[in-house]
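Q: One structure is given below, represented as structure tokens, and several questions about it will come after.
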Amino acid sequence: MKKAYLTLQNGKQFVGARFGAEGEITGELVFTTGMTGYIETLTDPSYYGQIVTQTFPLIGNYGMISPDRESKKPWVSAYIVREKCDEPSNFRSEGKLDEYLKANGIIGLCGIDTRELTKIVREAGVMNAAITSKPLKDLTAVKGYAIKDAVKSVTCGEVEYSGDPAGLKVVVWDFGAKDNIPRELAKRGCYCIKVPANFTAEQILALNPKGLMLTNGPGDPAENVEIIENIKKLAGKLPIFGICLGHQLFALAMGGKTKKMKYGHRGANQPVKNLTTGRVYISSQNHGYEVLSSSLDGVGVLSYVNANDGTCEGFDYPELNAYTVQFHPEACGGPQDASFLFDKFIKNAREGKYNA
């Protein structure tokens with residue numbers, strides 16, 4: 001295995017061994033705490049532009065399984081693990097992690113002390129990094145890196161249909177949607193029409209849907225000016241459910257504000273508290289920005305908070321028949337504590353609650 005260097009924008013350098021594709025890359029360095037679900041992580045469009053570190057030490061032990069993908073291709077810029085498994089053991093396995101990354105042009109790095117790397121990010125915050133074949137001395141390009149046009153880069157290129165054509169018609173506005181969102185809707189009897197991010201409010205309403213899903217996606221939510229303006233036109237016209245980036249975009253459309261978090265929430269063990277019932281749910285999350293709940297005072301009702309740091313995890317907008325959450329109720333491979341939120345959306349859409 002060839003040697004490669006991981007250089008952080010603060011100058012800290014790690015030496016590891018290459019796997020996956022050859023090459024050099026610069027990206028935003030983040031970590032995720034999931035013990036399982038690496039296939040879903042690799043193929044989640046929300047990781048666009050990011051070098052992803054797995055905190056769990058052994059990755060690849062159940063191989064690569066195409067039905068478990070969340071999109072047709074991996075979206076991470078590069079992938080860092082402590083130890084990769086070269087002999088997966090799983091009756092569903094279709095191949096090795098190393099082979100998958102090679103086939104898809106994704107650079108991998110193993111043999112890195114991921115505990116130390118995670119501690120650095122937790123203390124200093126998310127930072128840029130580069131993987132190179134030789135030690136990197138000039139950090140100018142690393143420090144200047146920024147994720148741009150993220151949603152435009154990951155959204156679908158054309159309208160896609162799934163589910164029962166005779167079912168409840170729902171538009172899934174694709175900002176970088178995980179495939180399990182339309183799957184969960186189709187499972188509940190919906191006919192899903194997934195549309196690209198550049199669709200206008202008029203185009204969406206022309207489809208005559210009974211409900212609108214605002215999906216997850218990558219990047220800075222405030223970058224999506226056109227989408228935010230179109231959400232303003234749609235608010236109150238039909239039942240709306242927003243997840244992750246969709247939650248942030250709806251908040252911005254309502255006059256709220258977002259800010260970049262120190263190191264975000266990424267993993268499958270984030271506790272969120274329902275402020276009405278007091279019940280805590282364990283959730284899957286993947287985001288680097290948060291909605292500032294105080295910026296929506298008098299506009300909506302704060303519904304969920306993160307039980308660890310108190311950040312906003314959900315908002316209800318009763319007068320607009322809309323609600324949004326920062327976490328992932330469609331989580332696959334789990335946890336599935338919050339899947340009832342899809343049932344709530346279906347109920348709203350079936351009852352035809354319009355506020356226009």
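Every chain in the structure tokens takes a letter, A first, then B, and so on in the order presented; its residues are numbered from 1, and the ligands are numbered from 1 following the presented order.
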Which residues come within 10 Å of Tyr304 of chain A, counting only C-alpha atoms, excluding same-chain residues fewer than 6 positions away, as a PyMOL selection string?

A: chain A and resi 272-276+278-281+310-316+324-327

Q: Please produce an output containing C-alpha atoms for each residue in the selection, written as a PDB file, in the first residue's frame.

A:
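The resulting file, selection.pdb, is reproduced below:
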```
ATOM      1  CA  VAL A 272     -33.590  14.870  20.161  1.00  0.00           C
ATOM      2  CA  LYS A 273     -36.227  15.988  22.654  1.00  0.00           C
ATOM      3  CA  ASN A 274     -39.864  16.630  21.778  1.00  0.00           C
ATOM      4  CA  LEU A 275     -40.710  19.824  23.665  1.00  0.00           C
ATOM      5  CA  THR A 276     -44.421  18.985  23.832  1.00  0.00           C
ATOM      6  CA  GLY A 278     -40.704  15.538  26.795  1.00  0.00           C
ATOM      7  CA  ARG A 279     -39.898  12.284  25.041  1.00  0.00           C
ATOM      8  CA  VAL A 280     -36.363  11.797  23.690  1.00  0.00           C
ATOM      9  CA  TYR A 281     -35.728  10.023  20.384  1.00  0.00           C
ATOM     10  CA  GLY A 310     -29.792  22.444  22.945  1.00  0.00           C
ATOM     11  CA  THR A 311     -29.649  23.371  19.252  1.00  0.00           C
ATOM     12  CA  CYS A 312     -32.794  23.564  17.140  1.00  0.00           C
ATOM     13  CA  GLU A 313     -33.973  20.201  15.793  1.00  0.00           C
ATOM     14  CA  GLY A 314     -37.447  21.032  14.552  1.00  0.00           C
ATOM     15  CA  PHE A 315     -40.103  23.691  13.955  1.00  0.00           C
ATOM     16  CA  ASP A 316     -43.863  23.583  13.458  1.00  0.00           C
ATOM     17  CA  THR A 324     -39.646  20.596   9.552  1.00  0.00           C
ATOM     18  CA  VAL A 325     -36.980  18.618  11.390  1.00  0.00           C
ATOM     19  CA  GLN A 326     -33.195  18.766  11.358  1.00  0.00           C
ATOM     20  CA  PHE A 327     -32.760  15.010  11.877  1.00  0.00           C
TER      21      PHE A 327
END
```

Q: Residues near Arg18 of chain A, anyone? I mean within 7 Å using only C-alpha atoms, not counting same-chain ones fewer than 5 positions away, as a PyMOL selection string.

A: chain A and resi 1-4+108-110

Q: Could you take the residues named above and write them with N, CA and C atoms, as a PDB file, in the first residue's frame?

A:
```pdb
ATOM      1  N   MET A   1       0.838  -1.195   0.000  1.00  0.00           N
ATOM      2  CA  MET A   1       0.000   0.000   0.000  1.00  0.00           C
ATOM      3  C   MET A   1       0.874   1.247   0.000  1.00  0.00           C
ATOM      4  N   LYS A   2       0.498   2.213  -0.820  1.00  0.00           N
ATOM      5  CA  LYS A   2       1.277   3.433  -0.942  1.00  0.00           C
ATOM      6  C   LYS A   2       0.988   4.399   0.201  1.00  0.00           C
ATOM      7  N   LYS A   3       1.986   5.163   0.538  1.00  0.00           N
ATOM      8  CA  LYS A   3       1.857   6.162   1.592  1.00  0.00           C
ATOM      9  C   LYS A   3       1.175   7.415   1.045  1.00  0.00           C
ATOM     10  N   ALA A   4       0.371   8.071   1.904  1.00  0.00           N
ATOM     11  CA  ALA A   4      -0.243   9.343   1.537  1.00  0.00           C
ATOM     12  C   ALA A   4      -0.299  10.227   2.776  1.00  0.00           C
ATOM     13  N   GLY A 108      -9.262   6.818  -0.733  1.00  0.00           N
ATOM     14  CA  GLY A 108      -9.376   6.334   0.637  1.00  0.00           C
ATOM     15  C   GLY A 108      -8.042   6.428   1.346  1.00  0.00           C
ATOM     16  N   LEU A 109      -8.112   6.572   2.661  1.00  0.00           N
ATOM     17  CA  LEU A 109      -6.903   6.648   3.478  1.00  0.00           C
ATOM     18  C   LEU A 109      -7.149   5.857   4.746  1.00  0.00           C
ATOM     19  N   CYS A 110      -6.269   4.911   5.060  1.00  0.00           N
ATOM     20  CA  CYS A 110      -6.417   4.117   6.279  1.00  0.00           C
ATOM     21  C   CYS A 110      -5.125   4.173   7.081  1.00  0.00           C
TER      22      CYS A 110
END
```

Q: Would you mind listing what lies within 12 Å of Lys237 of chain A as an NGL selection string, with only C-alpha atoms counted and same-chain residues fewer than 6 positions away left out?

A: :A and (201-202 or 204-205 or 208-212 or 230-231 or 319-322 or 349 or 352-356)

Q: Calculated over only C-alpha atoms, which of the candidates A:Gly60, A:Gly23, A:Pro67, A:Gly176 has the smallest distance to Ile106 of chain A?

A: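 Closest to Ile106 of chain A of all the choices is A:Gly23.
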
Q: Give me every alpha helix (DSSP H) residue in segment 130-351 of chain A, going by DSSP on the backbone, as a compact mmCIF listing (two decimals) with all heavy atoms, in the first residue's frame.

A:
```txt
# COMPACT_ATOMS: atom_id res chain seq x y z
N THR A 140 -2.06 27.42 1.17
CA THR A 140 -2.92 28.47 0.61
C THR A 140 -4.20 27.90 0.00
O THR A 140 -5.31 28.37 0.29
CB THR A 140 -2.15 29.26 -0.46
OG1 THR A 140 -0.95 29.79 0.10
CG2 THR A 140 -3.01 30.42 -0.98
N ALA A 141 -4.04 26.88 -0.85
CA ALA A 141 -5.21 26.29 -1.52
C ALA A 141 -6.13 25.59 -0.53
O ALA A 141 -7.36 25.63 -0.68
CB ALA A 141 -4.75 25.31 -2.59
N VAL A 142 -5.56 24.98 0.48
CA VAL A 142 -6.36 24.28 1.49
C VAL A 142 -7.20 25.28 2.27
O VAL A 142 -8.41 25.09 2.47
CB VAL A 142 -5.46 23.47 2.45
CG1 VAL A 142 -6.30 22.78 3.52
CG2 VAL A 142 -4.66 22.43 1.67
N LYS A 143 -6.57 26.35 2.72
CA LYS A 143 -7.29 27.36 3.50
C LYS A 143 -8.36 28.06 2.66
O LYS A 143 -9.37 28.51 3.20
CB LYS A 143 -6.30 28.38 4.05
CG LYS A 143 -5.37 27.83 5.11
CD LYS A 143 -4.38 28.89 5.60
CE LYS A 143 -3.46 28.33 6.68
NZ LYS A 143 -2.47 29.34 7.13
N ALA A 150 -23.40 23.39 -4.17
CA ALA A 150 -23.56 22.02 -3.69
C ALA A 150 -24.87 21.40 -4.16
O ALA A 150 -24.88 20.31 -4.73
CB ALA A 150 -23.47 22.00 -2.16
N VAL A 151 -25.98 22.09 -3.93
CA VAL A 151 -27.29 21.53 -4.30
C VAL A 151 -27.38 21.34 -5.81
O VAL A 151 -27.87 20.31 -6.30
CB VAL A 151 -28.43 22.42 -3.78
CG1 VAL A 151 -29.77 21.99 -4.36
CG2 VAL A 151 -28.48 22.37 -2.26
N LYS A 152 -26.90 22.31 -6.57
CA LYS A 152 -26.93 22.21 -8.03
C LYS A 152 -26.13 21.01 -8.52
O LYS A 152 -26.43 20.43 -9.57
CB LYS A 152 -26.36 23.49 -8.65
CG LYS A 152 -27.19 24.74 -8.41
CD LYS A 152 -26.52 25.97 -8.99
CE LYS A 152 -27.31 27.23 -8.69
NZ LYS A 152 -26.63 28.45 -9.20
N SER A 153 -25.11 20.63 -7.77
CA SER A 153 -24.23 19.54 -8.19
C SER A 153 -24.80 18.16 -7.90
O SER A 153 -24.40 17.18 -8.54
CB SER A 153 -22.87 19.68 -7.49
OG SER A 153 -22.24 20.90 -7.81
N VAL A 154 -25.72 18.05 -6.93
CA VAL A 154 -26.19 16.72 -6.52
C VAL A 154 -27.66 16.44 -6.88
O VAL A 154 -28.09 15.28 -6.82
CB VAL A 154 -26.00 16.51 -5.00
CG1 VAL A 154 -24.55 16.68 -4.61
CG2 VAL A 154 -26.89 17.45 -4.18
N ASN A 180 -34.05 6.82 0.48
CA ASN A 180 -35.03 6.26 1.42
C ASN A 180 -36.19 7.21 1.70
O ASN A 180 -37.21 6.78 2.24
CB ASN A 180 -34.36 5.86 2.74
CG ASN A 180 -35.05 4.70 3.41
OD1 ASN A 180 -35.45 3.74 2.74
ND2 ASN A 180 -35.22 4.76 4.71
N ILE A 181 -36.07 8.46 1.32
CA ILE A 181 -37.20 9.38 1.49
C ILE A 181 -38.36 8.99 0.57
O ILE A 181 -39.47 8.74 1.06
CB ILE A 181 -36.77 10.85 1.30
CG1 ILE A 181 -35.85 11.28 2.45
CG2 ILE A 181 -37.99 11.77 1.22
CD1 ILE A 181 -35.29 12.69 2.30
N PRO A 182 -38.16 8.90 -0.76
CA PRO A 182 -39.28 8.43 -1.59
C PRO A 182 -39.68 6.99 -1.28
O PRO A 182 -40.85 6.63 -1.43
CB PRO A 182 -38.75 8.58 -3.02
CG PRO A 182 -37.28 8.77 -2.90
CD PRO A 182 -37.02 9.36 -1.58
N ARG A 183 -38.74 6.17 -0.82
CA ARG A 183 -39.09 4.79 -0.46
C ARG A 183 -40.08 4.78 0.70
O ARG A 183 -41.06 4.02 0.71
CB ARG A 183 -37.85 3.98 -0.09
CG ARG A 183 -37.10 3.40 -1.28
CD ARG A 183 -36.17 2.29 -0.86
NE ARG A 183 -35.13 2.73 0.06
CZ ARG A 183 -33.87 2.96 -0.29
NH1 ARG A 183 -33.49 2.81 -1.55
NH2 ARG A 183 -32.99 3.35 0.60
N GLU A 184 -39.81 5.60 1.72
CA GLU A 184 -40.71 5.66 2.89
C GLU A 184 -42.08 6.20 2.49
O GLU A 184 -43.11 5.75 3.02
CB GLU A 184 -40.09 6.54 3.99
CG GLU A 184 -38.93 5.92 4.72
CD GLU A 184 -39.36 4.72 5.56
OE1 GLU A 184 -40.46 4.75 6.15
OE2 GLU A 184 -38.60 3.73 5.60
N LEU A 185 -42.11 7.15 1.58
CA LEU A 185 -43.39 7.69 1.12
C LEU A 185 -44.14 6.66 0.29
O LEU A 185 -45.35 6.47 0.46
CB LEU A 185 -43.14 8.96 0.30
CG LEU A 185 -42.62 10.17 1.09
CD1 LEU A 185 -42.16 11.27 0.14
CD2 LEU A 185 -43.68 10.70 2.04
N ALA A 186 -43.43 5.98 -0.62
CA ALA A 186 -44.07 4.96 -1.45
C ALA A 186 -44.61 3.82 -0.60
O ALA A 186 -45.68 3.26 -0.90
CB ALA A 186 -43.07 4.44 -2.48
N LYS A 187 -43.90 3.50 0.46
CA LYS A 187 -44.32 2.44 1.38
C LYS A 187 -45.66 2.77 2.04
O LYS A 187 -46.40 1.89 2.46
CB LYS A 187 -43.23 2.23 2.44
CG LYS A 187 -43.33 0.96 3.22
CD LYS A 187 -42.00 0.68 3.94
CE LYS A 187 -41.74 1.66 5.06
NZ LYS A 187 -40.49 1.33 5.80
N ALA A 201 -41.83 27.37 -8.07
CA ALA A 201 -43.08 27.14 -7.34
C ALA A 201 -44.22 26.87 -8.30
O ALA A 201 -45.07 26.00 -8.05
CB ALA A 201 -43.39 28.36 -6.47
N GLU A 202 -44.25 27.59 -9.41
CA GLU A 202 -45.32 27.42 -10.40
C GLU A 202 -45.29 26.02 -11.02
O GLU A 202 -46.33 25.40 -11.23
CB GLU A 202 -45.19 28.48 -11.49
CG GLU A 202 -45.50 29.91 -11.03
CD GLU A 202 -44.38 30.53 -10.20
OE1 GLU A 202 -43.25 30.01 -10.24
OE2 GLU A 202 -44.65 31.53 -9.50
N GLN A 203 -44.10 25.53 -11.32
CA GLN A 203 -43.96 24.18 -11.89
C GLN A 203 -44.43 23.11 -10.90
O GLN A 203 -45.05 22.13 -11.29
CB GLN A 203 -42.51 23.92 -12.29
CG GLN A 203 -42.06 24.64 -13.55
CD GLN A 203 -40.60 24.41 -13.83
OE1 GLN A 203 -39.72 24.81 -13.05
NE2 GLN A 203 -40.30 23.75 -14.95
N ILE A 204 -44.10 23.31 -9.62
CA ILE A 204 -44.50 22.34 -8.60
C ILE A 204 -46.02 22.35 -8.44
O ILE A 204 -46.66 21.30 -8.41
CB ILE A 204 -43.79 22.65 -7.27
CG1 ILE A 204 -42.30 22.30 -7.37
CG2 ILE A 204 -44.43 21.87 -6.11
CD1 ILE A 204 -41.47 22.72 -6.20
N LEU A 205 -46.63 23.52 -8.35
CA LEU A 205 -48.08 23.60 -8.19
C LEU A 205 -48.81 23.06 -9.42
O LEU A 205 -49.91 22.51 -9.29
CB LEU A 205 -48.50 25.05 -7.93
CG LEU A 205 -48.08 25.62 -6.56
CD1 LEU A 205 -48.40 27.11 -6.48
CD2 LEU A 205 -48.76 24.87 -5.42
N ALA A 206 -48.19 23.19 -10.59
CA ALA A 206 -48.82 22.68 -11.82
C ALA A 206 -48.95 21.15 -11.82
O ALA A 206 -49.78 20.60 -12.54
CB ALA A 206 -48.01 23.14 -13.03
N VAL A 225 -30.53 30.93 -2.88
CA VAL A 225 -31.42 32.09 -2.89
C VAL A 225 -32.69 31.83 -3.70
O VAL A 225 -33.81 32.16 -3.25
CB VAL A 225 -30.67 33.33 -3.44
CG1 VAL A 225 -31.61 34.52 -3.51
CG2 VAL A 225 -29.46 33.64 -2.58
N GLU A 226 -32.56 31.24 -4.89
CA GLU A 226 -33.73 31.01 -5.75
C GLU A 226 -34.70 30.02 -5.10
O GLU A 226 -35.93 30.21 -5.15
CB GLU A 226 -33.29 30.48 -7.11
CG GLU A 226 -32.44 31.45 -7.91
CD GLU A 226 -30.95 31.29 -7.64
OE1 GLU A 226 -30.59 30.55 -6.68
OE2 GLU A 226 -30.15 31.89 -8.38
N ILE A 227 -34.16 28.97 -4.50
CA ILE A 227 -35.01 27.97 -3.85
C ILE A 227 -35.78 28.61 -2.70
O ILE A 227 -36.99 28.38 -2.52
CB ILE A 227 -34.18 26.77 -3.35
CG1 ILE A 227 -33.54 26.04 -4.53
CG2 ILE A 227 -35.03 25.81 -2.52
CD1 ILE A 227 -32.55 24.96 -4.13
N ILE A 228 -35.10 29.41 -1.91
CA ILE A 228 -35.74 30.07 -0.77
C ILE A 228 -36.89 30.95 -1.23
O ILE A 228 -37.97 30.96 -0.62
CB ILE A 228 -34.69 30.89 0.02
CG1 ILE A 228 -33.68 29.95 0.68
CG2 ILE A 228 -35.36 31.77 1.08
CD1 ILE A 228 -32.43 30.63 1.21
N GLU A 229 -36.69 31.68 -2.32
CA GLU A 229 -37.76 32.54 -2.85
C GLU A 229 -38.95 31.72 -3.32
O GLU A 229 -40.11 32.11 -3.13
CB GLU A 229 -37.21 33.39 -3.99
CG GLU A 229 -36.28 34.51 -3.55
CD GLU A 229 -36.93 35.46 -2.55
OE1 GLU A 229 -38.08 35.89 -2.80
OE2 GLU A 229 -36.31 35.74 -1.50
N ASN A 230 -38.69 30.56 -3.91
CA ASN A 230 -39.78 29.69 -4.36
C ASN A 230 -40.52 29.05 -3.20
O ASN A 230 -41.74 28.85 -3.27
CB ASN A 230 -39.25 28.62 -5.31
CG ASN A 230 -39.08 29.14 -6.73
OD1 ASN A 230 -40.06 29.49 -7.38
ND2 ASN A 230 -37.85 29.21 -7.20
N ILE A 231 -39.81 28.75 -2.12
CA ILE A 231 -40.47 28.21 -0.92
C ILE A 231 -41.44 29.24 -0.34
O ILE A 231 -42.54 28.90 0.11
CB ILE A 231 -39.43 27.77 0.13
CG1 ILE A 231 -38.67 26.54 -0.36
CG2 ILE A 231 -40.11 27.47 1.48
CD1 ILE A 231 -37.54 26.10 0.55
N LYS A 232 -41.05 30.50 -0.37
CA LYS A 232 -41.94 31.57 0.11
C LYS A 232 -43.28 31.54 -0.63
O LYS A 232 -44.34 31.76 -0.04
CB LYS A 232 -41.27 32.94 -0.08
CG LYS A 232 -40.10 33.22 0.85
CD LYS A 232 -39.51 34.59 0.55
CE LYS A 232 -38.31 34.87 1.43
NZ LYS A 232 -37.69 36.20 1.12
N LYS A 233 -43.22 31.28 -1.94
CA LYS A 233 -44.44 31.26 -2.76
C LYS A 233 -45.30 30.04 -2.47
O LYS A 233 -46.51 30.06 -2.66
CB LYS A 233 -44.07 31.28 -4.24
CG LYS A 233 -43.33 32.52 -4.70
CD LYS A 233 -42.94 32.40 -6.16
CE LYS A 233 -42.13 33.58 -6.63
NZ LYS A 233 -41.71 33.43 -8.06
N LEU A 234 -44.66 28.95 -1.98
CA LEU A 234 -45.38 27.70 -1.75
C LEU A 234 -45.92 27.56 -0.34
O LEU A 234 -46.85 26.79 -0.10
CB LEU A 234 -44.44 26.51 -2.05
CG LEU A 234 -44.07 26.31 -3.52
CD1 LEU A 234 -42.87 25.39 -3.64
CD2 LEU A 234 -45.26 25.76 -4.29
N LEU A 245 -31.62 19.82 5.28
CA LEU A 245 -31.50 21.06 4.52
C LEU A 245 -32.86 21.66 4.23
O LEU A 245 -33.03 22.88 4.24
CB LEU A 245 -30.74 20.81 3.21
CG LEU A 245 -30.52 22.04 2.32
CD1 LEU A 245 -29.61 23.06 3.00
CD2 LEU A 245 -29.94 21.64 0.96
N GLY A 246 -33.86 20.81 3.98
CA GLY A 246 -35.22 21.30 3.77
C GLY A 246 -35.73 22.07 4.96
O GLY A 246 -36.45 23.07 4.81
N HIS A 247 -35.38 21.62 6.16
CA HIS A 247 -35.73 22.32 7.42
C HIS A 247 -35.08 23.70 7.44
O HIS A 247 -35.72 24.71 7.77
CB HIS A 247 -35.24 21.45 8.58
CG HIS A 247 -35.01 22.15 9.87
ND1 HIS A 247 -36.03 22.56 10.70
CD2 HIS A 247 -33.86 22.51 10.50
CE1 HIS A 247 -35.52 23.12 11.79
NE2 HIS A 247 -34.21 23.11 11.68
N GLN A 248 -33.81 23.77 7.05
CA GLN A 248 -33.08 25.04 7.08
C GLN A 248 -33.59 26.00 6.02
O GLN A 248 -33.76 27.21 6.28
CB GLN A 248 -31.59 24.75 6.87
CG GLN A 248 -30.97 23.89 7.95
CD GLN A 248 -29.64 23.28 7.52
OE1 GLN A 248 -29.15 23.51 6.42
NE2 GLN A 248 -29.05 22.49 8.40
N LEU A 249 -33.88 25.49 4.83
CA LEU A 249 -34.36 26.36 3.75
C LEU A 249 -35.73 26.94 4.06
O LEU A 249 -36.00 28.11 3.77
CB LEU A 249 -34.40 25.57 2.44
CG LEU A 249 -33.05 25.14 1.85
CD1 LEU A 249 -33.25 24.23 0.65
CD2 LEU A 249 -32.22 26.36 1.47
N PHE A 250 -36.60 26.13 4.67
CA PHE A 250 -37.92 26.64 5.02
C PHE A 250 -37.79 27.73 6.09
O PHE A 250 -38.48 28.76 6.03
CB PHE A 250 -38.83 25.52 5.53
CG PHE A 250 -40.28 25.89 5.54
CD1 PHE A 250 -41.08 25.68 4.42
CD2 PHE A 250 -40.87 26.47 6.66
CE1 PHE A 250 -42.42 26.05 4.42
CE2 PHE A 250 -42.20 26.84 6.68
CZ PHE A 250 -42.98 26.63 5.55
N ALA A 251 -36.90 27.53 7.05
CA ALA A 251 -36.68 28.54 8.09
C ALA A 251 -36.19 29.85 7.47
O ALA A 251 -36.65 30.94 7.85
CB ALA A 251 -35.67 28.03 9.11
N LEU A 252 -35.27 29.75 6.52
CA LEU A 252 -34.77 30.95 5.85
C LEU A 252 -35.88 31.64 5.06
O LEU A 252 -35.96 32.87 5.02
CB LEU A 252 -33.61 30.59 4.92
CG LEU A 252 -32.30 30.18 5.62
CD1 LEU A 252 -31.32 29.61 4.61
CD2 LEU A 252 -31.68 31.37 6.35
N ALA A 253 -36.75 30.85 4.45
CA ALA A 253 -37.88 31.42 3.70
C ALA A 253 -38.85 32.15 4.62
O ALA A 253 -39.53 33.10 4.20
CB ALA A 253 -38.61 30.32 2.94
N PHE A 340 -42.55 7.99 12.49
CA PHE A 340 -43.94 8.45 12.60
C PHE A 340 -44.14 9.81 11.97
O PHE A 340 -45.28 10.19 11.65
CB PHE A 340 -44.37 8.49 14.07
CG PHE A 340 -43.62 9.51 14.90
CD1 PHE A 340 -44.07 10.81 14.99
CD2 PHE A 340 -42.46 9.17 15.56
CE1 PHE A 340 -43.39 11.77 15.74
CE2 PHE A 340 -41.77 10.10 16.31
CZ PHE A 340 -42.23 11.41 16.40
N LEU A 341 -43.07 10.57 11.77
CA LEU A 341 -43.20 11.89 11.15
C LEU A 341 -43.69 11.78 9.71
O LEU A 341 -44.34 12.70 9.20
CB LEU A 341 -41.87 12.63 11.23
CG LEU A 341 -41.48 13.12 12.63
CD1 LEU A 341 -40.03 13.57 12.66
CD2 LEU A 341 -42.40 14.23 13.10
N PHE A 342 -43.38 10.68 9.05
CA PHE A 342 -43.92 10.46 7.70
C PHE A 342 -45.43 10.21 7.77
O PHE A 342 -46.17 10.68 6.91
CB PHE A 342 -43.22 9.26 7.04
CG PHE A 342 -41.86 9.58 6.50
CD1 PHE A 342 -40.73 9.28 7.22
CD2 PHE A 342 -41.72 10.21 5.26
CE1 PHE A 342 -39.46 9.57 6.72
CE2 PHE A 342 -40.47 10.51 4.76
CZ PHE A 342 -39.33 10.19 5.50
N ASP A 343 -45.86 9.48 8.79
CA ASP A 343 -47.29 9.22 8.95
C ASP A 343 -48.06 10.53 9.16
O ASP A 343 -49.16 10.71 8.64
CB ASP A 343 -47.53 8.27 10.12
CG ASP A 343 -46.84 6.92 9.92
OD1 ASP A 343 -46.81 6.44 8.77
OD2 ASP A 343 -46.33 6.36 10.91
N LYS A 344 -47.46 11.43 9.93
CA LYS A 344 -48.08 12.73 10.16
C LYS A 344 -48.23 13.50 8.85
O LYS A 344 -49.28 14.11 8.59
CB LYS A 344 -47.22 13.54 11.15
CG LYS A 344 -47.71 14.95 11.42
CD LYS A 344 -46.77 15.66 12.40
CE LYS A 344 -47.19 17.11 12.60
NZ LYS A 344 -46.29 17.81 13.56
N PHE A 345 -47.19 13.46 8.02
CA PHE A 345 -47.23 14.15 6.73
C PHE A 345 -48.31 13.57 5.83
O PHE A 345 -49.08 14.30 5.19
CB PHE A 345 -45.85 14.04 6.07
CG PHE A 345 -45.79 14.62 4.68
CD1 PHE A 345 -46.10 15.95 4.45
CD2 PHE A 345 -45.40 13.84 3.61
CE1 PHE A 345 -46.03 16.50 3.18
CE2 PHE A 345 -45.33 14.36 2.33
CZ PHE A 345 -45.64 15.70 2.12
N ILE A 346 -48.39 12.23 5.78
CA ILE A 346 -49.40 11.56 4.96
C ILE A 346 -50.80 11.95 5.43
O ILE A 346 -51.71 12.22 4.62
CB ILE A 346 -49.23 10.03 5.01
CG1 ILE A 346 -47.84 9.63 4.48
CG2 ILE A 346 -50.33 9.34 4.22
CD1 ILE A 346 -47.55 10.09 3.08
N LYS A 347 -51.00 11.99 6.74
CA LYS A 347 -52.31 12.36 7.30
C LYS A 347 -52.68 13.78 6.87
O LYS A 347 -53.81 14.04 6.44
CB LYS A 347 -52.27 12.26 8.83
CG LYS A 347 -53.60 12.55 9.52
CD LYS A 347 -53.48 12.30 11.02
CE LYS A 347 -54.81 12.49 11.73
NZ LYS A 347 -55.29 13.88 11.69
N ASN A 348 -51.72 14.70 6.99
CA ASN A 348 -51.97 16.08 6.57
C ASN A 348 -52.34 16.16 5.09
O ASN A 348 -53.27 16.87 4.69
CB ASN A 348 -50.73 16.95 6.82
CG ASN A 348 -50.52 17.25 8.28
OD1 ASN A 348 -51.34 16.92 9.13
ND2 ASN A 348 -49.38 17.87 8.59
N ALA A 349 -51.58 15.42 4.28
CA ALA A 349 -51.84 15.47 2.84
C ALA A 349 -53.18 14.83 2.47
O ALA A 349 -53.89 15.35 1.61
CB ALA A 349 -50.69 14.75 2.12
N ARG A 350 -53.52 13.73 3.13
CA ARG A 350 -54.79 13.05 2.82
C ARG A 350 -55.99 13.89 3.24
O ARG A 350 -57.05 13.85 2.59
CB ARG A 350 -54.83 11.69 3.50
CG ARG A 350 -53.91 10.67 2.86
CD ARG A 350 -54.28 9.25 3.29
NE ARG A 350 -53.32 8.28 2.75
CZ ARG A 350 -53.33 7.84 1.51
NH1 ARG A 350 -54.21 8.29 0.65
NH2 ARG A 350 -52.42 6.95 1.11
N GLU A 351 -55.84 14.65 4.32
CA GLU A 351 -56.95 15.47 4.79
C GLU A 351 -57.09 16.74 3.96
O GLU A 351 -58.06 17.47 4.11
CB GLU A 351 -56.74 15.81 6.27
CG GLU A 351 -56.91 14.61 7.18
CD GLU A 351 -56.65 14.94 8.64
OE1 GLU A 351 -56.27 16.11 8.93
OE2 GLU A 351 -56.79 14.05 9.49
```

Q: Looking only at the backbone, which of the residues in segment 3-51 of chain A does DSSP tag as strand (DSSP E or B), as a PyMOL selection string?

A: chain A and resi 3-8+13-20+25-32+50-51
